[in-house]
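Novice: This is the structure, below, for whatever I ask next.
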Amino acid sequence: MGNTEIARVLSEIAILLQIKGENPFKVRAYERAAEAIGDLSQTLEEMRAEEGGLRSLPGVGAGIAEKIEELLDTGKCAYHEELLQQIPSTVFDMLRIPGVGPKTVKMLVEREGISTVEQLEHAAQAGALRGLPGLGEKTEQEMLRGIAHLREYGKRIDLGLAWSIADTLIEQLREAAAVRRLAAAGSLRRMRETIGDIDILVVSDSPEAVMAEFVNLQLVAEVVAQGPTKSTIVTPAGVQVDLRVVGAESFGAALQYFTGSKQHNVKLRDLAARRKIKLNEYGVFRVDDGGETRLGGEGEEEMYAALDLAMMPPEMREDRGEIEAAREGRLPDLIEDEQVKGDLHVHSNWSDGHSTVEEIARAAEEVGYEYVAITDHSPSQTVANGLKIGRLRERRREIEAARKAVPGIEILEGSEVDIKRDGTLDYPEEVLAELDFVMASVHSGWKMERQAMTERIVKAMENPWVDCIGHPTGRLVGQREPYAVDLEAVFEAAARAGVAMEINADPHRLDLRDTHARRAKELGVRLLIATDAHRGDHLSLMRFGVATARRGWLEAADVLNAMPLAQLRKRLRRANTRRSRKSDA
Ligand code: DGT
Ligand code: CA
Ligand code: CA
Ligand code: ZN
């Protein structure tokens, strides 16, 4: 059984325990273990064999470790099966309906024998739910709309699509007369790789006016709920947007609360409770015998300051150790958009891109970069019009012409060269040696088995002209699983050889992922953030790569393309290769 399946079983146990109304700490341990496993860059089997074993995972004590071992050994977990005897697995689908949480499910199962979405739908249509604890006619209607919505779109969307919708909404809302302040919250602000729904927060003195404008925006296909402080709409693409209006005095508190993540907030509130401090979406309060004293809530930093914590950037708020780091004063100084000095993964119209070299150079200059590398595909990529050696050299003339035409930026002559199945590269060494920058990527043979794929990539890094490995797991967010590869071994080899690993900023890829990038850094690997642009205007995707790097706790010093040109040239792997070849000669 692989990590993904095991994580799924553990998270199902967490949900089933919640429905049974069991101890929240126990529930939380299963949730955390499932999350941690989903984020791992090695297999649980490997982890079991290492020192510290499975129990070095967050949330994993003796009980959960035993269950993981059982799953590894037998593919089954008796405890999971026993829980499923009591509560059918069909309830998992019910929980995806907005407004239906574990408590509601518990009540529906116990009192009405409802355990499937279809049964719930029939009951709601028949008006049989109103009158049950906490349910009214309005909730019935909301559930029905939620069910219809899930049927049509029941998926999370990628970060790029979410931001393109949010940017438009935010721009239009800013123009609304009654809006005084506005911010994105939720997973959108944390820049998670997928987004369930878009959360926007507004400060206004007349919430009704804001809501009236909101539900009439062009992007609104359906109004799910409209209230004085919270409204929910669905866009034509099926994306749900929650808008909340708060008073100015609570803006920071609400922003902190609705940014989440839920796990981060839970941890923060635990810490607060121990210090007799209360945090909620309205403010932060000191609690003593005399009652409550308000400490703040207008600014977000006040919420953290009340706990003697520095404010953690939203991208870090996932309960992955950030609160502990803040407490110990060792928060990293995360890389920022402005620190990126260039893009080293761009396809021109020589292969499958749509812009000329000169157009790309101008677009990069416009962004304010010092350098840009043109990295077209190599010959094996026939569908992508990969460059045979002859065309690669012809392209050089065009690059030289573009250097003259756009003198304000350094154009690096590069390649995204295929790693062939045997780990050799698609150009001979002497051709790679002529280039300024080489990224090597896997574009074929995805189905290879893990050991072979790992050896393939490690072998590619033995080529001394490889500066970076492109999109190192090949996954496409929500569409294609990563190929099987031992990232831990790849990172170790990369650190030894001085090869960088890409964080591909294209929101369909975001590969390496946040947690992988963090692990790579720990193992001494330098990261590259690059867009894989196929048009000049795709250079703007860089923000998603930087966000992923920030979610991986990276600082500018960890990132190859945060270096100015002169330093970059010295730090590229090929600089080392040239030096050592010279001294050999
Ligand atoms: P998503 O929409 O699934 O991509 O993820 P989020 O994080 O945007 O989640 P969402 O939209 O359900 O809620 C926004 C934030 O509101 C969430 O990150 C934390 C806060 N929040 C929502 N529900 C709860 C809750 O039950 N407990 C706590 N502590 N916080 C919550
Ligand atoms: Ca959300
Ligand atoms: Ca939401
Ligand atoms: Zn590629």
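Convention: chains lettered A, B, ... in structure tokens order; per-chain residue numbering from 1; ligands numbered from 1 as shown.
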All residues within 9 Å of ligand 3 are required, counting only C-alpha atoms and all ligand atoms; please report them as a list of chain:residue names.
Specialist: A:Ala185, A:Gly186, A:Ser187, A:Gly196, A:Asp197, A:Ile198, A:Asp199, A:Ile200, A:Thr232, A:Gln240, A:Val241, A:Asp242, A:Leu243, A:Phe258
Novice: Using only C-alpha atoms and all ligand atoms, determine which residues fall within 10 Å of ligand 1, then list them as a PyMOL selection string.
Specialist: chain A and resi 98+101+156-159+162+184-200+240-242+254-269+280-281+317-318
Novice: I need the residues from that last selection saved to file as a CSV table (one decimal), in the first residue's frame (with N, CA and C atoms), if you can.
Specialist:
chain,number,residue,atom,x,y,z
A,98,PRO,N,-21.7,21.5,1.3
A,98,PRO,CA,-21.5,22.7,2.1
A,98,PRO,C,-22.6,22.7,3.2
A,101,GLY,N,-21.7,19.0,8.3
A,101,GLY,CA,-20.5,18.6,9.0
A,101,GLY,C,-20.7,17.2,9.8
A,156,ARG,N,-11.9,20.6,-6.4
A,156,ARG,CA,-11.2,21.8,-6.0
A,156,ARG,C,-10.6,22.3,-7.3
A,157,ILE,N,-10.3,23.6,-7.3
A,157,ILE,CA,-9.7,24.2,-8.5
A,157,ILE,C,-8.3,24.6,-8.3
A,158,ASP,N,-7.5,24.8,-9.4
A,158,ASP,CA,-6.1,25.1,-9.1
A,158,ASP,C,-5.9,26.6,-8.8
A,159,LEU,N,-4.8,26.9,-8.2
A,159,LEU,CA,-4.5,28.2,-7.6
A,159,LEU,C,-4.6,29.3,-8.7
A,162,ALA,N,-8.2,30.1,-9.5
A,162,ALA,CA,-8.8,30.8,-8.4
A,162,ALA,C,-8.3,32.2,-8.3
A,184,ALA,N,-8.2,39.2,0.5
A,184,ALA,CA,-8.4,37.8,0.2
A,184,ALA,C,-8.1,37.0,1.5
A,185,ALA,N,-8.8,36.0,1.8
A,185,ALA,CA,-8.5,35.1,3.0
A,185,ALA,C,-8.5,33.7,2.6
A,186,GLY,N,-8.6,32.8,3.5
A,186,GLY,CA,-8.7,31.3,3.2
A,186,GLY,C,-7.4,30.8,2.5
A,187,SER,N,-7.7,29.6,1.9
A,187,SER,CA,-6.6,28.9,1.2
A,187,SER,C,-6.0,29.8,0.1
A,188,LEU,N,-6.8,30.7,-0.4
A,188,LEU,CA,-6.4,31.6,-1.5
A,188,LEU,C,-5.2,32.5,-1.0
A,189,ARG,N,-5.4,33.0,0.2
A,189,ARG,CA,-4.3,33.9,0.7
A,189,ARG,C,-3.1,33.0,1.2
A,190,ARG,N,-3.4,31.8,1.6
A,190,ARG,CA,-2.3,30.9,2.0
A,190,ARG,C,-1.6,30.4,0.7
A,191,MET,N,-2.2,30.6,-0.4
A,191,MET,CA,-1.6,30.1,-1.7
A,191,MET,C,-1.5,28.6,-1.8
A,192,ARG,N,-2.5,27.9,-1.2
A,192,ARG,CA,-2.4,26.4,-1.4
A,192,ARG,C,-2.5,26.1,-2.8
A,193,GLU,N,-2.1,24.9,-3.2
A,193,GLU,CA,-2.0,24.5,-4.6
A,193,GLU,C,-3.4,24.3,-5.2
A,194,THR,N,-4.4,23.9,-4.4
A,194,THR,CA,-5.8,23.8,-4.8
A,194,THR,C,-6.7,24.6,-3.9
A,195,ILE,N,-7.8,25.1,-4.4
A,195,ILE,CA,-8.7,25.9,-3.6
A,195,ILE,C,-10.1,25.4,-3.6
A,196,GLY,N,-10.7,25.2,-2.5
A,196,GLY,CA,-12.0,24.7,-2.4
A,196,GLY,C,-13.0,25.8,-2.7
A,197,ASP,N,-12.9,26.9,-2.0
A,197,ASP,CA,-13.7,28.1,-2.4
A,197,ASP,C,-12.9,29.4,-2.1
A,198,ILE,N,-13.3,30.4,-2.7
A,198,ILE,CA,-12.6,31.7,-2.6
A,198,ILE,C,-13.2,32.5,-1.4
A,199,ASP,N,-12.4,33.0,-0.5
A,199,ASP,CA,-12.9,33.7,0.6
A,199,ASP,C,-12.4,35.2,0.5
A,200,ILE,N,-13.4,36.1,0.6
A,200,ILE,CA,-13.0,37.5,0.6
A,200,ILE,C,-13.6,38.3,1.8
A,240,GLN,N,-17.1,28.6,-6.1
A,240,GLN,CA,-17.9,29.2,-5.0
A,240,GLN,C,-17.1,30.4,-4.4
A,241,VAL,N,-17.7,31.5,-4.1
A,241,VAL,CA,-17.1,32.6,-3.4
A,241,VAL,C,-17.8,33.0,-2.2
A,242,ASP,N,-17.2,33.1,-1.1
A,242,ASP,CA,-17.8,33.5,0.2
A,242,ASP,C,-17.3,35.0,0.4
A,254,ALA,N,-10.7,39.1,12.0
A,254,ALA,CA,-11.4,38.3,11.0
A,254,ALA,C,-10.5,37.8,9.9
A,255,LEU,N,-9.5,38.6,9.5
A,255,LEU,CA,-8.5,38.2,8.5
A,255,LEU,C,-7.7,37.0,9.1
A,256,GLN,N,-7.3,37.1,10.3
A,256,GLN,CA,-6.5,36.1,10.9
A,256,GLN,C,-7.4,34.8,10.9
A,257,TYR,N,-8.6,34.9,11.4
A,257,TYR,CA,-9.5,33.7,11.6
A,257,TYR,C,-9.8,33.1,10.2
A,258,PHE,N,-10.2,33.9,9.3
A,258,PHE,CA,-10.6,33.3,8.0
A,258,PHE,C,-9.5,33.0,7.0
A,259,THR,N,-8.3,33.4,7.4
A,259,THR,CA,-7.1,33.0,6.6
A,259,THR,C,-6.8,31.5,6.9
A,260,GLY,N,-7.1,31.1,8.2
A,260,GLY,CA,-6.8,29.8,8.5
A,260,GLY,C,-5.3,29.5,8.6
A,261,SER,N,-4.8,28.3,8.3
A,261,SER,CA,-5.7,27.2,8.1
A,261,SER,C,-6.4,26.8,9.4
A,262,LYS,N,-7.4,26.0,9.3
A,262,LYS,CA,-8.1,25.6,10.5
A,262,LYS,C,-7.1,25.0,11.6
A,263,GLN,N,-6.2,24.2,11.1
A,263,GLN,CA,-5.2,23.5,12.0
A,263,GLN,C,-4.4,24.6,12.7
A,264,HIS,N,-3.9,25.6,11.9
A,264,HIS,CA,-3.1,26.6,12.5
A,264,HIS,C,-3.9,27.3,13.6
A,265,ASN,N,-5.2,27.6,13.3
A,265,ASN,CA,-6.0,28.3,14.2
A,265,ASN,C,-6.3,27.5,15.5
A,266,VAL,N,-6.5,26.2,15.3
A,266,VAL,CA,-6.7,25.4,16.5
A,266,VAL,C,-5.5,25.4,17.4
A,267,LYS,N,-4.3,25.3,16.8
A,267,LYS,CA,-3.1,25.3,17.6
A,267,LYS,C,-2.9,26.6,18.3
A,268,LEU,N,-3.2,27.7,17.6
A,268,LEU,CA,-3.1,29.0,18.2
A,268,LEU,C,-4.0,29.2,19.3
A,269,ARG,N,-5.2,28.8,19.2
A,269,ARG,CA,-6.2,28.9,20.2
A,269,ARG,C,-5.9,28.1,21.5
A,280,ASN,N,-10.9,35.2,18.7
A,280,ASN,CA,-12.0,34.8,17.7
A,280,ASN,C,-12.0,35.8,16.6
A,281,GLU,N,-13.0,35.6,15.7
A,281,GLU,CA,-13.0,36.5,14.5
A,281,GLU,C,-13.4,37.9,14.8
A,317,ARG,N,1.0,29.3,7.4
A,317,ARG,CA,0.0,28.9,8.4
A,317,ARG,C,-0.7,27.6,8.1
A,318,GLU,N,0.1,26.5,8.3
A,318,GLU,CA,-0.5,25.2,8.0
A,318,GLU,C,-0.3,24.2,9.2
Novice: Give the helix (DSSP H, G or I) residues of stretch 270-426 of chain A, as assigned by DSSP on the backbone, as a PyMOL selection string.
Specialist: chain A and resi 270-274+300-305+314-316+322-327+337-339+357-367+389-405
Novice: I need the chosen residues saved as a compact mmCIF listing (two decimals), in the first residue's frame, with N, CA and C atoms.
Specialist:
# COMPACT_ATOMS: atom_id res chain seq x y z
N ASP A 270 -5.30 26.94 21.25
CA ASP A 270 -4.82 26.12 22.40
C ASP A 270 -3.78 26.90 23.18
N LEU A 271 -2.84 27.47 22.45
CA LEU A 271 -1.76 28.24 23.07
C LEU A 271 -2.36 29.42 23.84
N ALA A 272 -3.34 30.07 23.23
CA ALA A 272 -3.96 31.24 23.86
C ALA A 272 -4.68 30.83 25.14
N ALA A 273 -5.41 29.73 25.09
CA ALA A 273 -6.20 29.31 26.25
C ALA A 273 -5.30 29.10 27.45
N ARG A 274 -4.12 28.55 27.21
CA ARG A 274 -3.20 28.30 28.32
C ARG A 274 -2.70 29.60 28.94
N GLU A 300 -3.99 42.53 12.05
CA GLU A 300 -3.74 41.11 12.20
C GLU A 300 -2.58 40.84 13.15
N GLU A 301 -1.55 41.72 13.10
CA GLU A 301 -0.39 41.44 13.95
C GLU A 301 -0.75 41.50 15.43
N GLU A 302 -1.79 42.28 15.78
CA GLU A 302 -2.23 42.35 17.19
C GLU A 302 -2.65 40.97 17.71
N MET A 303 -3.21 40.18 16.83
CA MET A 303 -3.69 38.86 17.24
C MET A 303 -2.52 37.99 17.69
N TYR A 304 -1.42 38.10 16.95
CA TYR A 304 -0.24 37.31 17.29
C TYR A 304 0.55 37.96 18.42
N ALA A 305 0.60 39.29 18.39
CA ALA A 305 1.36 40.00 19.42
C ALA A 305 0.81 39.70 20.81
N PRO A 314 1.10 34.30 5.73
CA PRO A 314 -0.03 33.40 5.50
C PRO A 314 0.39 32.05 4.91
N GLU A 315 1.38 32.07 4.01
CA GLU A 315 1.79 30.82 3.35
C GLU A 315 2.31 29.79 4.35
N MET A 316 2.73 30.24 5.53
CA MET A 316 3.29 29.29 6.50
C MET A 316 2.22 28.71 7.42
N GLU A 322 5.25 26.27 12.27
CA GLU A 322 5.47 27.71 12.21
C GLU A 322 5.22 28.40 13.56
N ILE A 323 4.27 27.88 14.33
CA ILE A 323 3.98 28.53 15.61
C ILE A 323 5.16 28.31 16.57
N GLU A 324 5.71 27.11 16.55
CA GLU A 324 6.88 26.81 17.37
C GLU A 324 8.05 27.70 16.93
N ALA A 325 8.23 27.84 15.61
CA ALA A 325 9.33 28.66 15.11
C ALA A 325 9.16 30.11 15.54
N ALA A 326 7.92 30.59 15.50
CA ALA A 326 7.66 31.99 15.90
C ALA A 326 7.96 32.14 17.39
N ARG A 327 7.58 31.14 18.16
CA ARG A 327 7.78 31.20 19.60
C ARG A 327 9.26 31.27 19.94
N ASP A 337 8.63 38.16 -4.01
CA ASP A 337 8.56 38.30 -5.47
C ASP A 337 9.68 39.20 -6.02
N GLU A 338 9.92 40.30 -5.33
CA GLU A 338 10.88 41.29 -5.82
C GLU A 338 12.31 40.77 -5.80
N GLN A 339 12.55 39.69 -5.07
CA GLN A 339 13.92 39.18 -5.00
C GLN A 339 14.28 38.28 -6.18
N VAL A 357 12.22 35.06 -29.47
CA VAL A 357 13.22 35.29 -28.44
C VAL A 357 13.19 36.77 -28.01
N GLU A 358 13.08 37.64 -29.01
CA GLU A 358 13.08 39.07 -28.69
C GLU A 358 11.85 39.46 -27.86
N GLU A 359 10.69 38.91 -28.20
CA GLU A 359 9.48 39.21 -27.42
C GLU A 359 9.63 38.75 -25.97
N ILE A 360 10.24 37.59 -25.81
CA ILE A 360 10.46 37.08 -24.44
C ILE A 360 11.41 38.01 -23.69
N ALA A 361 12.48 38.42 -24.38
CA ALA A 361 13.45 39.30 -23.73
C ALA A 361 12.80 40.60 -23.29
N ARG A 362 11.95 41.15 -24.17
CA ARG A 362 11.28 42.41 -23.82
C ARG A 362 10.32 42.21 -22.64
N ALA A 363 9.60 41.09 -22.66
CA ALA A 363 8.67 40.81 -21.56
C ALA A 363 9.44 40.67 -20.24
N ALA A 364 10.59 40.02 -20.29
CA ALA A 364 11.39 39.82 -19.07
C ALA A 364 11.97 41.14 -18.58
N GLU A 365 12.36 41.98 -19.53
CA GLU A 365 12.89 43.30 -19.17
C GLU A 365 11.79 44.13 -18.49
N GLU A 366 10.60 44.00 -19.04
CA GLU A 366 9.42 44.69 -18.49
C GLU A 366 9.17 44.30 -17.03
N VAL A 367 9.34 43.01 -16.72
CA VAL A 367 9.16 42.55 -15.34
C VAL A 367 10.24 43.15 -14.43
N ILE A 389 20.23 19.40 -33.37
CA ILE A 389 21.44 20.19 -33.11
C ILE A 389 21.59 21.36 -34.10
N GLY A 390 21.26 21.11 -35.35
CA GLY A 390 21.37 22.16 -36.36
C GLY A 390 20.50 23.37 -36.02
N ARG A 391 19.25 23.10 -35.64
CA ARG A 391 18.35 24.21 -35.31
C ARG A 391 18.74 24.89 -34.00
N LEU A 392 19.31 24.13 -33.10
CA LEU A 392 19.78 24.72 -31.84
C LEU A 392 20.82 25.78 -32.15
N ARG A 393 21.69 25.48 -33.11
CA ARG A 393 22.75 26.44 -33.45
C ARG A 393 22.22 27.60 -34.27
N GLU A 394 21.19 27.32 -35.07
CA GLU A 394 20.54 28.43 -35.80
C GLU A 394 19.90 29.40 -34.82
N ARG A 395 19.31 28.82 -33.79
CA ARG A 395 18.66 29.66 -32.78
C ARG A 395 19.66 30.60 -32.14
N ARG A 396 20.90 30.16 -32.06
CA ARG A 396 21.94 30.99 -31.44
C ARG A 396 22.04 32.34 -32.14
N ARG A 397 21.91 32.32 -33.48
CA ARG A 397 22.01 33.59 -34.22
C ARG A 397 20.87 34.53 -33.83
N GLU A 398 19.68 33.94 -33.66
CA GLU A 398 18.54 34.79 -33.28
C GLU A 398 18.73 35.33 -31.86
N ILE A 399 19.30 34.51 -30.99
CA ILE A 399 19.55 34.98 -29.62
C ILE A 399 20.56 36.12 -29.64
N GLU A 400 21.59 35.97 -30.48
CA GLU A 400 22.59 37.05 -30.57
C GLU A 400 21.98 38.35 -31.09
N ALA A 401 21.07 38.22 -32.05
CA ALA A 401 20.39 39.41 -32.58
C ALA A 401 19.52 40.04 -31.49
N ALA A 402 18.83 39.20 -30.73
CA ALA A 402 17.96 39.72 -29.66
C ALA A 402 18.79 40.40 -28.57
N ARG A 403 19.98 39.90 -28.33
CA ARG A 403 20.86 40.54 -27.33
C ARG A 403 21.17 41.97 -27.73
N LYS A 404 21.35 42.17 -29.05
CA LYS A 404 21.63 43.53 -29.53
C LYS A 404 20.38 44.39 -29.46
N ALA A 405 19.23 43.77 -29.81
CA ALA A 405 17.98 44.54 -29.85
C ALA A 405 17.47 44.90 -28.46
Novice: Might you pull out every residue within 9 Å of A:Glu69, with only C-alpha atoms counted and same-chain residues fewer than 4 positions away left off, and present them as a ChimeraX atom specification?
Specialist: /A:44-45,48,54,64-65,73-74
Novice: Would you name the residues within 9 Å of ligand 4, counting only C-alpha atoms and all ligand atoms, and put them as a VMD selection string?
Specialist: chain A and resid 345 377 416 to 418 439 to 443 470 to 471 474 532
Novice: Export all heavy atoms of the chosen residues as an mmCIF file, in the first residue's frame?
Specialist:
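Printed below is again_6.cif as written:
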data_model
loop_
_atom_site.group_PDB
_atom_site.id
_atom_site.type_symbol
_atom_site.label_atom_id
_atom_site.label_comp_id
_atom_site.auth_asym_id
_atom_site.auth_seq_id
_atom_site.Cartn_x
_atom_site.Cartn_y
_atom_site.Cartn_z
ATOM 1 N N HIS A 345 13.393 29.232 -17.304
ATOM 2 C CA HIS A 345 12.677 28.158 -18.001
ATOM 3 C C HIS A 345 11.594 28.800 -18.875
ATOM 4 O O HIS A 345 10.488 29.054 -18.422
ATOM 5 C CB HIS A 345 12.054 27.204 -16.968
ATOM 6 C CG HIS A 345 11.473 25.940 -17.575
ATOM 7 N ND1 HIS A 345 11.035 24.891 -16.800
ATOM 8 C CD2 HIS A 345 11.262 25.565 -18.858
ATOM 9 C CE1 HIS A 345 10.567 23.927 -17.581
ATOM 10 N NE2 HIS A 345 10.692 24.316 -18.834
ATOM 11 N N HIS A 377 12.804 22.795 -26.189
ATOM 12 C CA HIS A 377 12.901 21.340 -26.050
ATOM 13 C C HIS A 377 13.981 20.744 -26.955
ATOM 14 O O HIS A 377 14.396 21.362 -27.926
ATOM 15 C CB HIS A 377 11.559 20.688 -26.395
ATOM 16 C CG HIS A 377 10.503 20.910 -25.363
ATOM 17 N ND1 HIS A 377 10.536 20.299 -24.137
ATOM 18 C CD2 HIS A 377 9.393 21.689 -25.360
ATOM 19 C CE1 HIS A 377 9.476 20.684 -23.425
ATOM 20 N NE2 HIS A 377 8.773 21.537 -24.143
ATOM 21 N N GLU A 416 15.823 22.843 -22.390
ATOM 22 C CA GLU A 416 15.191 21.871 -21.505
ATOM 23 C C GLU A 416 15.359 20.541 -22.199
ATOM 24 O O GLU A 416 14.598 20.181 -23.104
ATOM 25 C CB GLU A 416 13.703 22.167 -21.261
ATOM 26 C CG GLU A 416 13.117 21.183 -20.245
ATOM 27 C CD GLU A 416 11.611 21.299 -20.031
ATOM 28 O OE1 GLU A 416 10.930 21.975 -20.824
ATOM 29 O OE2 GLU A 416 11.120 20.685 -19.069
ATOM 30 N N VAL A 417 16.393 19.841 -21.812
ATOM 31 C CA VAL A 417 16.781 18.630 -22.536
ATOM 32 C C VAL A 417 16.094 17.411 -21.911
ATOM 33 O O VAL A 417 15.967 17.316 -20.692
ATOM 34 C CB VAL A 417 18.326 18.484 -22.549
ATOM 35 C CG1 VAL A 417 18.901 18.388 -21.145
ATOM 36 C CG2 VAL A 417 18.775 17.292 -23.379
ATOM 37 N N ASP A 418 15.638 16.508 -22.763
ATOM 38 C CA ASP A 418 14.975 15.299 -22.278
ATOM 39 C C ASP A 418 15.949 14.346 -21.598
ATOM 40 O O ASP A 418 17.057 14.127 -22.083
ATOM 41 C CB ASP A 418 14.348 14.547 -23.456
ATOM 42 C CG ASP A 418 12.901 14.911 -23.633
ATOM 43 O OD1 ASP A 418 12.595 16.118 -23.559
ATOM 44 O OD2 ASP A 418 12.080 13.989 -23.822
ATOM 45 N N MET A 439 18.535 22.660 -18.295
ATOM 46 C CA MET A 439 17.591 21.998 -17.414
ATOM 47 C C MET A 439 17.302 20.640 -18.020
ATOM 48 O O MET A 439 17.101 20.544 -19.226
ATOM 49 C CB MET A 439 16.314 22.845 -17.353
ATOM 50 C CG MET A 439 15.182 22.171 -16.647
ATOM 51 S SD MET A 439 13.816 23.295 -16.364
ATOM 52 C CE MET A 439 14.531 24.509 -15.316
ATOM 53 N N ALA A 440 17.295 19.600 -17.209
ATOM 54 C CA ALA A 440 16.992 18.265 -17.727
ATOM 55 C C ALA A 440 15.680 17.789 -17.118
ATOM 56 O O ALA A 440 15.478 17.917 -15.914
ATOM 57 C CB ALA A 440 18.126 17.296 -17.381
ATOM 58 N N SER A 441 14.792 17.261 -17.975
ATOM 59 C CA SER A 441 13.469 16.873 -17.494
ATOM 60 C C SER A 441 13.036 15.525 -18.073
ATOM 61 O O SER A 441 13.466 15.138 -19.155
ATOM 62 C CB SER A 441 12.405 17.894 -17.907
ATOM 63 O OG SER A 441 12.788 19.195 -17.574
ATOM 64 N N VAL A 442 12.141 14.865 -17.331
ATOM 65 C CA VAL A 442 11.528 13.626 -17.807
ATOM 66 C C VAL A 442 10.237 13.991 -18.538
ATOM 67 O O VAL A 442 9.381 14.680 -17.991
ATOM 68 C CB VAL A 442 11.205 12.698 -16.616
ATOM 69 C CG1 VAL A 442 10.289 11.550 -17.050
ATOM 70 C CG2 VAL A 442 12.493 12.159 -16.008
ATOM 71 N N HIS A 443 10.126 13.555 -19.799
ATOM 72 C CA HIS A 443 8.920 13.845 -20.573
ATOM 73 C C HIS A 443 8.324 12.594 -21.185
ATOM 74 O O HIS A 443 7.424 12.674 -22.012
ATOM 75 C CB HIS A 443 9.246 14.827 -21.718
ATOM 76 C CG HIS A 443 9.485 16.225 -21.250
ATOM 77 N ND1 HIS A 443 10.614 16.920 -21.577
ATOM 78 C CD2 HIS A 443 8.755 17.051 -20.475
ATOM 79 C CE1 HIS A 443 10.562 18.128 -21.026
ATOM 80 N NE2 HIS A 443 9.456 18.225 -20.347
ATOM 81 N N GLY A 470 14.176 19.726 -14.155
ATOM 82 C CA GLY A 470 12.879 20.392 -14.335
ATOM 83 C C GLY A 470 11.735 19.566 -13.793
ATOM 84 O O GLY A 470 11.803 18.329 -13.773
ATOM 85 N N HIS A 471 10.686 20.239 -13.350
ATOM 86 C CA HIS A 471 9.490 19.592 -12.767
ATOM 87 C C HIS A 471 9.767 18.160 -12.308
ATOM 88 O O HIS A 471 9.330 17.194 -12.918
ATOM 89 C CB HIS A 471 8.280 19.667 -13.704
ATOM 90 C CG HIS A 471 8.550 19.370 -15.151
ATOM 91 N ND1 HIS A 471 8.842 18.119 -15.609
ATOM 92 C CD2 HIS A 471 8.576 20.176 -16.237
ATOM 93 C CE1 HIS A 471 9.023 18.156 -16.913
ATOM 94 N NE2 HIS A 471 8.869 19.403 -17.322
ATOM 95 N N GLY A 474 6.844 15.426 -12.230
ATOM 96 C CA GLY A 474 5.972 15.303 -13.395
ATOM 97 C C GLY A 474 4.477 15.373 -13.119
ATOM 98 O O GLY A 474 3.676 15.168 -14.022
ATOM 99 N N ASP A 532 8.322 28.056 -16.856
ATOM 100 C CA ASP A 532 7.981 27.156 -17.954
ATOM 101 C C ASP A 532 7.070 27.905 -18.944
ATOM 102 O O ASP A 532 6.177 27.313 -19.548
ATOM 103 C CB ASP A 532 7.245 25.928 -17.397
ATOM 104 C CG ASP A 532 7.376 24.703 -18.287
ATOM 105 O OD1 ASP A 532 7.858 24.844 -19.430
ATOM 106 O OD2 ASP A 532 6.977 23.621 -17.835
#
Novice: What's around stretch 559-571 of chain A at 9 Å? Count only C-alpha atoms, leave out sequence neighbours fewer than 6 positions away in its own chain, and write the answer as a list in words.
Specialist: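 Here the answer would be Ile335, Glu338, Gln339, Val340, Lys341, Gly342, Asp343, Leu344, Glu370, Tyr371, Glu410, Asp436, Gly498, Ala500, Arg526, Leu527, Leu528, Ile529, Ala530 and Ala549 of chain A.
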Novice: If we count only C-alpha atoms, what is near A:Asp506 at a cut-off of 12 Å, once residues fewer than 6 positions away on the same chain are taken out, given as a PyMOL selection string?
Specialist: chain A and resi 158-161+193+345-346+470-471+475-477+512-513+529-534+538-548
Novice: Run DSSP on the backbone of this structure and report the residues of stretch 251-432 of chain A it assigns to strand (DSSP E or B), as a VMD selection string.
Specialist: chain A and resid 277 to 280 283 to 288 291 to 296 334 342 to 346 371 to 377 410 to 419 425
Novice: Pick out the closest residue to ligand 2 from this set: A:Val239, A:Met1, A:Met501, A:Leu135. Count only C-alpha atoms and all ligand atoms.
Specialist: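 Ranking A:Val239, A:Met1, A:Met501, A:Leu135 by distance to ligand 2, first place goes to A:Val239.
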Novice: Using Å and a single decimal, report how far atom CA of A:Gly52 sits from atom CA of A:Ala452.
Specialist: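 Separation of atom CA of A:Ala452 and atom CA of A:Gly52: 27.5 Å.
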Novice: One decimal, in Å: what's the spacing between atom CA of A:Pro24 and atom CA of A:Thr139?
Specialist: 26.1 Å
Novice: Restricting the calculation to only C-alpha atoms, which member of A:Asp426, A:Glu502, A:Glu171, A:Glu481 is positioned closest to A:Lys388?
Specialist: A:Asp426
Novice: Taking only C-alpha atoms into account, which of A:Gln218, A:Thr577, A:Gln119, A:Asn3 comes nearest A:Trp465?
Specialist: A:Thr577
Novice: What does the structure give for the distance between atom CA of A:Asp39 and atom CA of A:Ala520, in Å to one decimal?
Specialist: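 Taking atom CA of A:Asp39 and atom CA of A:Ala520, their separation equals 12.8 Å.
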